[in-house]
Structure formats: structure tokens, C-alpha cells
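Okay, so here's the structure we're looking at.
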Amino acid sequence: IQKARTKRFIESHPKAMYTYLQKTNPENNQYRFYAMAVQPTLFGEWALVRNWGRIGANGTQRSEWFDTETEAIQAFEVMKKQKEKRGYC
């Protein structure tokens, strides 16, 4: 349900960014996801919303607020690169 709500929000807000990464390694019983979205807040700021956990579970959600869209996008890109280095794709 959360994923569907996020998708609808992103489609209705063209400035928002979203990515969904997965890491699966059956030998180590790893089935993980990492989702991130950059979106405007109601108060004119920008938020980087992160959600991660085991595939099929709700996971953990954290939000970071930024004064500008550029700052939020930079944080988004840094986090995405870190996750890709750790095997998420």
C-alpha cells in the first residue's frame, strides 16, 4: 500500500524523484530493498524519504529535511551511490 501511495504521489508531482533498489543473495539469506524519494514538503522545504528492510516487509522509514531541492537531490545521489557500491541494483 505504501509503495502504491508513493507512486501516485510521484506521478502527480513532476519535481519529485524516486528509486527502488534491491539486493538478493540466497546463499546468505539476504532479500533486501531500499527505496528513496525526494519530494516537496507542505512548508516549502524538501525531504529525502528513505524506506528499507526485508523484501515483503514494511521496513523502516526515515526522513531528512533540506532547505533546497538541490541539497535534497545531492543527498539522494550520494545515498544511491553508497547502496549501489554495496550490491543494490
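How things are named: the first chain in the C-alpha cells is A, the next is B, and so on; residues count from 1 in each chain; ligands count from 1 in the order shown.
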Determine, counting only C-alpha atoms, which protein, DNA and RNA residues have an atom within 8 Å of an atom of Trp46 of chain A; residues of the same chain fewer than 6 positions away are not included. Present the result as a short mmCIF file (atom, residue, chain, number, x, y, z; two decimals) with N, CA and C atoms, in the first residue's frame.
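As a result, result-v3.cif now contains:
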data_model
loop_
_atom_site.label_atom_id
_atom_site.label_comp_id
_atom_site.auth_asym_id
_atom_site.auth_seq_id
_atom_site.Cartn_x
_atom_site.Cartn_y
_atom_site.Cartn_z
N VAL A 38 12.73 11.95 -3.21
CA VAL A 38 12.91 13.37 -2.91
C VAL A 38 11.59 14.03 -3.29
N GLN A 39 11.01 14.74 -2.33
CA GLN A 39 9.70 15.34 -2.58
C GLN A 39 9.54 16.63 -1.81
N PRO A 40 8.71 17.54 -2.31
CA PRO A 40 8.49 18.80 -1.60
C PRO A 40 7.64 18.57 -0.35
N TRP A 65 15.12 16.55 6.13
CA TRP A 65 14.61 17.76 5.50
C TRP A 65 15.75 18.65 5.06
N PHE A 66 15.56 19.32 3.92
CA PHE A 66 16.56 20.21 3.34
C PHE A 66 15.90 21.51 2.95
N ASP A 67 16.69 22.58 2.96
CA ASP A 67 16.16 23.90 2.59
C ASP A 67 15.91 24.02 1.09
N THR A 68 16.74 23.35 0.28
CA THR A 68 16.60 23.48 -1.17
C THR A 68 16.47 22.12 -1.84
N GLU A 69 15.91 22.14 -3.02
CA GLU A 69 15.79 20.92 -3.83
C GLU A 69 17.17 20.38 -4.18
N ALA A 72 18.67 18.32 -1.39
CA ALA A 72 17.99 17.03 -1.26
C ALA A 72 18.42 16.07 -2.37
#
One decimal, in Å: what's the spacing between atom CA of Tyr31 of chain A and atom CA of Glu77 of chain A? 22.7 Å
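Atom CA of Gln82 of chain A is positioned 17.6 Å from atom CA of Gln30 of chain A.
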Taking the chain letters and numbering used in this document, name the residues of chain A that DSSP puts in strand (DSSP E or B), as a PyMOL selection string. chain A and resi 17-25+30-40+46-54+60-66
Mind dumping the selected residues with C-alpha atoms as an mmCIF file, in the first residue's frame?
data_model
loop_
_atom_site.group_PDB
_atom_site.id
_atom_site.type_symbol
_atom_site.label_atom_id
_atom_site.label_comp_id
_atom_site.auth_asym_id
_atom_site.auth_seq_id
_atom_site.Cartn_x
_atom_site.Cartn_y
_atom_site.Cartn_z
ATOM 1 C CA MET A 17 12.424 11.786 -7.622
ATOM 2 C CA TYR A 18 12.075 8.118 -6.673
ATOM 3 C CA THR A 19 14.203 4.972 -6.835
ATOM 4 C CA TYR A 20 13.705 1.400 -5.633
ATOM 5 C CA LEU A 21 16.785 -0.808 -5.205
ATOM 6 C CA GLN A 22 17.028 -4.484 -4.288
ATOM 7 C CA LYS A 23 19.757 -6.764 -3.045
ATOM 8 C CA THR A 24 19.221 -10.510 -3.155
ATOM 9 C CA ASN A 25 21.740 -13.142 -2.145
ATOM 10 C CA GLN A 30 19.600 -11.675 2.007
ATOM 11 C CA TYR A 31 16.442 -10.286 0.422
ATOM 12 C CA ARG A 32 16.575 -6.545 0.980
ATOM 13 C CA PHE A 33 15.101 -3.408 -0.531
ATOM 14 C CA TYR A 34 15.976 0.266 -0.290
ATOM 15 C CA ALA A 35 13.555 2.925 -1.566
ATOM 16 C CA MET A 36 14.217 6.665 -1.649
ATOM 17 C CA ALA A 37 12.181 9.654 -2.717
ATOM 18 C CA VAL A 38 12.908 13.368 -2.915
ATOM 19 C CA GLN A 39 9.699 15.338 -2.578
ATOM 20 C CA PRO A 40 8.488 18.801 -1.595
ATOM 21 C CA TRP A 46 12.385 19.377 0.500
ATOM 22 C CA ALA A 47 12.515 15.927 2.061
ATOM 23 C CA LEU A 48 14.564 12.824 1.342
ATOM 24 C CA VAL A 49 12.345 9.955 2.448
ATOM 25 C CA ARG A 50 14.100 6.590 2.816
ATOM 26 C CA ASN A 51 12.494 3.199 3.406
ATOM 27 C CA TRP A 52 14.455 -0.036 3.773
ATOM 28 C CA GLY A 53 14.115 -3.583 5.025
ATOM 29 C CA ARG A 54 13.449 -7.168 4.002
ATOM 30 C CA THR A 60 11.947 1.226 8.396
ATOM 31 C CA GLN A 61 11.250 4.760 7.215
ATOM 32 C CA ARG A 62 13.312 7.874 7.874
ATOM 33 C CA SER A 63 13.015 11.407 6.532
ATOM 34 C CA GLU A 64 15.598 14.164 6.252
ATOM 35 C CA TRP A 65 14.607 17.756 5.504
ATOM 36 C CA PHE A 66 16.559 20.206 3.344
#
Please return, as a list in words, all residues of chain A that DSSP assigns to alpha helix (DSSP H) on the basis of the backbone.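 Listing alpha helix (DSSP H) positions across chain A yields Gln2, Lys3, Ala4, Arg5, Thr6, Lys7, Arg8, Phe9, Ile10, Glu11, Ser12, Glu69, Thr70, Glu71, Ala72, Ile73, Gln74, Ala75, Phe76, Glu77, Val78, Met79, Lys80, Lys81, Gln82, Lys83, Glu84 and Lys85 of chain A.
Picture a line from atom CA of Asn29 of chain A to atom CA of Ile55 of chain A; it runs 11.3 Å.
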